[in-house]
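**Student:** Supplied in structure tokens, the structure appears directly below.
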There are 2 protein chains.
Amino acid sequence: MSNRNEEAYSIGVDYGTNSVRAIVVDVRTGDELATSVWAYAHGEDGVLLDERDPNLARQHPADYDEGFVLTVRAAVAEAGIDPALVVGIGIDTTGSTPIPVDAHGVALGLKPDFRHDLEAMAWLWKDHTSHEEATEITARSREQGAPYVSKCGGAYSSEWYWSKALRCARINPRVAAATHSWVELADYVPALVTETALPALKRGICAAGHKAMYHPDWGGLPSAEFLDGLSPGLSRWRYSSKAVPSNRIAGLLAASYAHRVGLPVGVPVAVGAIDAHHGAVGAGVAPGTFVKIMGTSSCDCMVAPLDAALPDIPGVCGMVPESILPGMVGIEAGQSAVGDIFHWFSHRLVGMSHAELSEAASKLKPGESGLVALDWHNGNRNVLADPLLSGLIVGESLHTTPAEIYRALIEATAFGALKIIERVEEYGVRIDRVVNCGGIAEKSPLAMQVYADVCARPMLLSRSSQAPALGAAVFGAVVGGAHANVATAQRAMTGVRSDGYQPDVARAEVYRQLYGVYSQLHDAFGGVDGVEAPGSGGKLHGVMKELLSIRGRARGLA
Amino acid sequence: MSNRNEEAYSIGVDYGTNSVRAIVVDVRTGDELATSVWAYAHGEDGVLLDERDPNLARQHPADYDEGFVLTVRAAVAEAGIDPALVVGIGIDTTGSTPIPVDAHGVALGLKPDFRHDLEAMAWLWKDHTSHEEATEITARSREQGAPYVSKCGGAYSSEWYWSKALRCARINPRVAAATHSWVELADYVPALVTETALPALKRGICAAGHKAMYHPDWGGLPSAEFLDGLSPGLSRWRYSSKAVPSNRIAGLLAASYAHRVGLPVGVPVAVGAIDAHHGAVGAGVAPGTFVKIMGTSSCDCMVAPLDAALPDIPGVCGMVPESILPGMVGIEAGQSAVGDIFHWFSHRLVGMSHAELSEAASKLKPGESGLVALDWHNGNRNVLADPLLSGLIVGESLHTTPAEIYRALIEATAFGALKIIERVEEYGVRIDRVVNCGGIAEKSPLAMQVYADVCARPMLLSRSSQAPALGAAVFGAVVGGAHANVATAQRAMTGVRSDGYQPDVARAEVYRQLYGVYSQLHDAFGGVDGVEAPGSGGKLHGVMKELLSIRGRARGLA
């Protein structure tokens, strides 16, 4: 280990939904010397879409390679440092974003035979085409008494690894036959830049545990029997029997990449992880510190000592040993759409800017619009863990304004956030403070104040505005030997801002009442406790599902 | 009676929400020779608003006087006829739109002392400030076993005469003390232009019966005991112990008005009625012909022979002998917002034109948006008869477009229309055909096709595009002796267009499914059969009311 006061730099590379960014960080202070961002070249804002199916969201794997080279090279050049002082690289990505690869680890989407096949591309986290497969995986796991969904809130998601792999096996035999394995993006990029072949690939426990049903309790990945029962041969796609945390080295930067980015050959590259989890590390996650990464969706991260022996928490995405910090159980929850909802409303629906809507919405008092919304426009990840839900808004009058609805949508996401906080506290997770980071935390004072008032807690802000990349750099520093462990690296490199958002007592009281209404709708439409509406001809829980089913038939998809 | 083939003209004057129109009609054919429209001078589009209270909607009585003079004069001049050939004038107005008047019948709002007092103005039909009073009137009537709400669907409305008079008595003692009586606009205008003093005023049975609890079964207006039990002295506001249909003469055109409009003194003016009811007459209402007047709101009118002895129909606004046609029971139902909802969405919310939205929405297939809405943005008039309801939309995704929502709102109003059709048929009203008139029927092929598909029936169109004014002219012709009775006048003067909208079987089938979803939401949020959602913490029926209550407190109104 090098002297901690010695000049040294770490690089964090963060693969988001629409772009990739690289930062160069001083390991002694966390100072971010340079940042480079590159928007993916393919698709609409980096996402390959299919106009016939709004559930589909893919990415072109070529963007991952090009993105690494362009952003790391630019950041290193801009930082003006001696490249020899770069001790390590950390990488985080969206997830679960599995990519079908051949026996050499080459993404199928890069091969001429498959370049027009959407199934051969990366299946982006927010791809929801696999909802039937997710339901089947959950049902089978429960039927067989298998433990596989117990660590992910009791329900497997359409966003996750095995749902996607299974769906491809079902609907695209050509791609399935050519696929040697499905590799998570968080594993794919470190393997790519270190030229690590599949058999030697170090699989990150973060994505494996939260998205692919990996858990030490059952010896790693699900059994061949279970997987092949879903689809014969599915088990052949398992890779790397042991998954490890990001304080481990995935490999050393390969010469071909080192030359292209302007770094020495052999810089250690940390095992990859999911963006939000590294974001939590960059925002200072620790026992008692609940980190919310608020962007297009939200991801809530918590940790607890491994020996705390927390029970499984129903409706929470995942509880995985060492997935966020070594020595801690990592707990991930979140909402499947946050900023995406605000963006949909402002840009697709009313054609107004966030600034304009926020200014008008900021002048409203809680409750005065008479509106309450459900924030399920992209399904519900927690605590209902049900992708087949949709948005709802109630209380519209002939005087309802765009700003009122915009605010109601912000409030809806805050209520959804509070549902998660209440659930994890109920199951013994300590929450002393909430630290926020991500685009919404940075850019929407209105949203953050609403969250503080709705949750009746201060909303603190991460000092870094690029917490995932900083978290990646923390691991880069650790694998590079600049810090003894992640905790000391976090103490040196991360922190919270002195400002933040304090709750207002009067507003919090009105929100308490509105939260009661939200909870009624949440439970009725979400099917909590098998809520029924006798005399209304059926379960309101069925309403959203029936509409999705009618929609599917109308579009000729079912 | 004059020879029916003799040249003669009738004038119909129609007071709408935003403007007044007069037409000159050939009594032999129904040909409309001239039309003149004048937009009210006061308020926003003719409506006086209070930005603190979205429930408030008033009108300035000066607009009624000026509107008559300007439009009748212009129409007579434009028609180029000999004014001596005008045999009669018919008048219809919005309602219930009661106006406080002094002992001389002068509207208080015209008097200098009250010119800044919104309570002294006309309380427009869509003013919903009196919802508590409406609830109280319904409750008291039921408690006392009084029959007064039995003919108006079992619930008195905040839009109606006594709710408004009672509220003014409660909240504005100065106006109440100066008020000799509250006169319905449909009675006010004929009295005004015939200079008929209050004691001699001929009260129209249409507004009296549908809005002021007048019914022959209980000898006319409610008892003094009942009214004074609501507020001491309320009974003094009753006027005209016997109400009559519009084939009766209200009075003769006074010299002062005759000179100003260019007509002979003494032209007979028919007893006034509510616009939609005269619209039904102008569209050819008869037993088996269900007429929908579709504008900002909708009004559905039916008639049945007096001797058919129909039972009271729960949740339907009113069943009043001779309120639409002499010799028939008049049945009125309707929706408290139709065009208003489309206008709100297009203009207040997304800032797109109806043309643009309709074009995109027309390309959508039923069900493909995955959306269902409730059309209660202005409360629900039928069949729930509950003003304390609000809008709802469910099924939004991050891909939902403005056109999809626009179409869902149109569909919601069509589902609401179907609820009414089903209810009245269930209680024995025969419906052989549906004839539509009003702005939506004229201007929105999309809406009319959706209605045909949702209701699985043809939607016919009234030949006249100004059916209420034509209906008024029918009564002008009858009181002027140009026709023996209303039925013969209707046969000569009204009809349906040869085009119309036919239902499509495939679309109707999808709408049948969506109507199932609508009905579930309708019953749960509308409180049908005391639908509850056990485990959700309360009744969903309470959700909209609670939001309105929270909104009221947030705005400092409660």
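Naming scheme: A, B, ... for chains in displayed order of the structure tokens; residues 1 onward per chain; ligands 1 onward as shown.
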Using only C-alpha atoms, I'd like every residue of chain A that has an atom within 6 Å of chain B; please write them out as a ChimeraX atom specification.

**Tutor:** /A:344,349-350,367-368,370,377,390-398,402,520,523-524,531-536,547-548,550-551,554-555

**Student:** What's around A:Ile420 at 8 Å? Count only C-alpha atoms, leave out sequence neighbours fewer than 3 positions away in its own chain, and write the answer as an NGL selection string.

**Tutor:** :A and (316 or 333-334 or 382-383 or 416-417 or 423-424)

**Student:** Keeping only N, CA and C atoms, write the selected residues to a file as a PDB file, in the first residue's frame.

**Tutor:**
ATOM      1  N   VAL A 316     -38.797  -5.864  -0.912  1.00  0.00           N
ATOM      2  CA  VAL A 316     -37.587  -5.078  -1.134  1.00  0.00           C
ATOM      3  C   VAL A 316     -36.699  -5.847  -2.106  1.00  0.00           C
ATOM      4  N   ALA A 333     -33.338  -1.054  -2.559  1.00  0.00           N
ATOM      5  CA  ALA A 333     -34.754  -0.894  -2.885  1.00  0.00           C
ATOM      6  C   ALA A 333     -34.822   0.200  -3.942  1.00  0.00           C
ATOM      7  N   GLY A 334     -36.016   0.633  -4.305  1.00  0.00           N
ATOM      8  CA  GLY A 334     -36.062   1.727  -5.269  1.00  0.00           C
ATOM      9  C   GLY A 334     -37.378   1.810  -5.981  1.00  0.00           C
ATOM     10  N   ASN A 382     -40.709  -1.431  -5.659  1.00  0.00           N
ATOM     11  CA  ASN A 382     -40.899  -1.692  -4.224  1.00  0.00           C
ATOM     12  C   ASN A 382     -41.995  -0.775  -3.708  1.00  0.00           C
ATOM     13  N   VAL A 383     -42.768  -1.193  -2.751  1.00  0.00           N
ATOM     14  CA  VAL A 383     -42.692  -2.443  -2.036  1.00  0.00           C
ATOM     15  C   VAL A 383     -43.656  -3.478  -2.624  1.00  0.00           C
ATOM     16  N   GLY A 416     -44.119   7.254  -2.568  1.00  0.00           N
ATOM     17  CA  GLY A 416     -43.552   5.946  -2.873  1.00  0.00           C
ATOM     18  C   GLY A 416     -42.231   5.737  -2.131  1.00  0.00           C
ATOM     19  N   ALA A 417     -41.439   6.797  -2.033  1.00  0.00           N
ATOM     20  CA  ALA A 417     -40.172   6.728  -1.298  1.00  0.00           C
ATOM     21  C   ALA A 417     -40.433   6.446   0.184  1.00  0.00           C
ATOM     22  N   ARG A 423     -41.125   0.531   5.221  1.00  0.00           N
ATOM     23  CA  ARG A 423     -40.985  -0.924   5.164  1.00  0.00           C
ATOM     24  C   ARG A 423     -39.645  -1.378   5.746  1.00  0.00           C
ATOM     25  N   VAL A 424     -38.560  -0.735   5.361  1.00  0.00           N
ATOM     26  CA  VAL A 424     -37.256  -1.231   5.842  1.00  0.00           C
ATOM     27  C   VAL A 424     -37.063  -0.939   7.331  1.00  0.00           C
TER      28      VAL A 424
END

**Student:** Any idea what's packed within 9 Å of A:Gly67, counting only C-alpha atoms, ignoring anything in its chain fewer than 2 positions away? Could you give it as a PDB file with C-alpha atoms, in the first residue's frame?

**Tutor:**
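out-v2.pdb was written with the following content:
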ATOM      1  CA  TYR A  15     -22.245   3.769 -17.511  1.00  0.00           C
ATOM      2  CA  SER A  19     -24.381   8.311 -21.522  1.00  0.00           C
ATOM      3  CA  VAL A  20     -21.132   7.231 -19.939  1.00  0.00           C
ATOM      4  CA  ARG A  21     -18.895   9.412 -17.811  1.00  0.00           C
ATOM      5  CA  VAL A  37     -19.252  12.549 -20.621  1.00  0.00           C
ATOM      6  CA  TRP A  38     -20.173  10.881 -23.892  1.00  0.00           C
ATOM      7  CA  ALA A  39     -23.747  10.307 -25.074  1.00  0.00           C
ATOM      8  CA  TYR A  40     -24.234   6.871 -26.601  1.00  0.00           C
ATOM      9  CA  ALA A  62     -20.487  -0.944 -29.413  1.00  0.00           C
ATOM     10  CA  ASP A  63     -21.350   2.102 -27.313  1.00  0.00           C
ATOM     11  CA  TYR A  64     -19.762   0.512 -24.240  1.00  0.00           C
ATOM     12  CA  ASP A  65     -16.384   0.078 -25.887  1.00  0.00           C
ATOM     13  CA  VAL A  69     -12.112   4.915 -24.648  1.00  0.00           C
ATOM     14  CA  LEU A  70     -13.521   8.363 -25.373  1.00  0.00           C
ATOM     15  CA  THR A  71     -14.343   9.362 -21.820  1.00  0.00           C
ATOM     16  CA  VAL A  72     -11.290   7.959 -20.020  1.00  0.00           C
TER      17      VAL A  72
END

**Student:** So that I can check the surroundings of B:Ala254, please list as a tab-separated table (two decimals) with C-alpha atoms, in the first residue's frame every protein, DNA and RNA residue that reaches within 10 Å of it, counting only C-alpha atoms and ignoring chain neighbours fewer than 2 positions away.

**Tutor:**
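Now in result.tsv:
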chain	number	residue	atom	x	y	z
B	191	ALA	CA	-90.83	38.65	-17.60
B	192	LEU	CA	-88.19	41.24	-18.52
B	193	VAL	CA	-89.14	41.63	-22.17
B	194	THR	CA	-92.88	41.49	-21.49
B	195	GLU	CA	-92.53	43.81	-18.49
B	196	THR	CA	-94.48	41.37	-16.40
B	251	GLY	CA	-96.77	37.83	-21.86
B	252	LEU	CA	-96.69	40.15	-24.83
B	256	SER	CA	-89.81	49.38	-24.93
B	257	TYR	CA	-88.31	46.12	-26.19
B	258	ALA	CA	-90.40	45.98	-29.38
B	259	HIS	CA	-89.03	49.35	-30.44
B	264	PRO	CA	-94.39	45.02	-33.39
B	265	VAL	CA	-95.54	45.64	-29.84
B	266	GLY	CA	-97.47	42.71	-28.39
B	267	VAL	CA	-95.85	39.73	-30.08
B	268	PRO	CA	-96.62	36.73	-27.81
B	269	VAL	CA	-93.66	35.45	-25.80

**Student:** Quick check for you: according to DSSP on this backbone, which residues of stretch 84-205 of chain A are classed as helix (DSSP H, G or I)? Reply as a PyMOL selection string.

**Tutor:** chain A and resi 84-85+108-110+112-114+118-120+131-143+161-171+173-178+185-194+198-200+205

**Student:** Which residues, written as a PDB file with N, CA and C atoms, in the first residue's frame, have at least one atom at most 8 Å from B:Val474, with only C-alpha atoms counted and residues fewer than 6 positions away on the same chain left out?

**Tutor:**
ATOM      1  N   SER B  10     -91.146  32.703 -36.622  1.00  0.00           N
ATOM      2  CA  SER B  10     -91.040  32.643 -35.169  1.00  0.00           C
ATOM      3  C   SER B  10     -89.597  32.955 -34.795  1.00  0.00           C
ATOM      4  N   GLY B  12     -86.599  32.336 -31.967  1.00  0.00           N
ATOM      5  CA  GLY B  12     -86.117  31.584 -30.815  1.00  0.00           C
ATOM      6  C   GLY B  12     -84.897  32.282 -30.229  1.00  0.00           C
ATOM      7  N   VAL B  27     -91.959  29.105 -39.903  1.00  0.00           N
ATOM      8  CA  VAL B  27     -92.743  28.118 -39.141  1.00  0.00           C
ATOM      9  C   VAL B  27     -93.237  26.976 -40.016  1.00  0.00           C
ATOM     10  N   GLY B  90     -89.983  32.484 -28.606  1.00  0.00           N
ATOM     11  CA  GLY B  90     -89.729  31.504 -27.551  1.00  0.00           C
ATOM     12  C   GLY B  90     -88.352  31.762 -26.951  1.00  0.00           C
ATOM     13  N   VAL B 281     -86.658  19.509 -27.882  1.00  0.00           N
ATOM     14  CA  VAL B 281     -87.821  19.753 -28.749  1.00  0.00           C
ATOM     15  C   VAL B 281     -87.354  20.082 -30.168  1.00  0.00           C
ATOM     16  N   GLY B 282     -86.323  20.909 -30.250  1.00  0.00           N
ATOM     17  CA  GLY B 282     -85.794  21.281 -31.561  1.00  0.00           C
ATOM     18  C   GLY B 282     -85.146  20.111 -32.284  1.00  0.00           C
ATOM     19  N   VAL B 486     -97.624  21.402 -30.181  1.00  0.00           N
ATOM     20  CA  VAL B 486     -96.164  21.261 -30.298  1.00  0.00           C
ATOM     21  C   VAL B 486     -95.801  20.111 -31.241  1.00  0.00           C
ATOM     22  N   ALA B 489     -96.051  21.208 -34.738  1.00  0.00           N
ATOM     23  CA  ALA B 489     -94.972  22.169 -35.004  1.00  0.00           C
ATOM     24  C   ALA B 489     -93.638  21.444 -35.163  1.00  0.00           C
ATOM     25  N   GLN B 490     -93.377  20.446 -34.291  1.00  0.00           N
ATOM     26  CA  GLN B 490     -92.123  19.676 -34.401  1.00  0.00           C
ATOM     27  C   GLN B 490     -92.035  18.959 -35.738  1.00  0.00           C
ATOM     28  N   MET B 493     -91.181  21.562 -38.307  1.00  0.00           N
ATOM     29  CA  MET B 493     -90.004  22.421 -38.134  1.00  0.00           C
ATOM     30  C   MET B 493     -88.704  21.682 -37.765  1.00  0.00           C
TER      31      MET B 493
END

**Student:** Show which residues sit within 12 Å of A:Val175, as a PyMOL selection string. Count only C-alpha atoms, and ignore same-chain residues fewer than 5 positions away.

**Tutor:** chain A and resi 99-102+107-109+111+113-121+165-170+180-182

**Student:** My list of candidates is A:Leu446, A:Ile421, A:Val496, A:Leu388. Which is closest to A:Ser358 when distances are computed with only C-alpha atoms?

**Tutor:**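 Looking only at the distances to A:Ser358, the closest residue turns out to be A:Leu446.
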
**Student:** Go through A:Ile293, A:Ala34, A:Ile249, A:Ala8 one by one, measure the shortest atom-to-atom distance of each to A:Ala467 using only C-alpha atoms, and give the residue with the smallest value.

**Tutor:**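 Under the stated criterion, the closest residue is A:Ile293.
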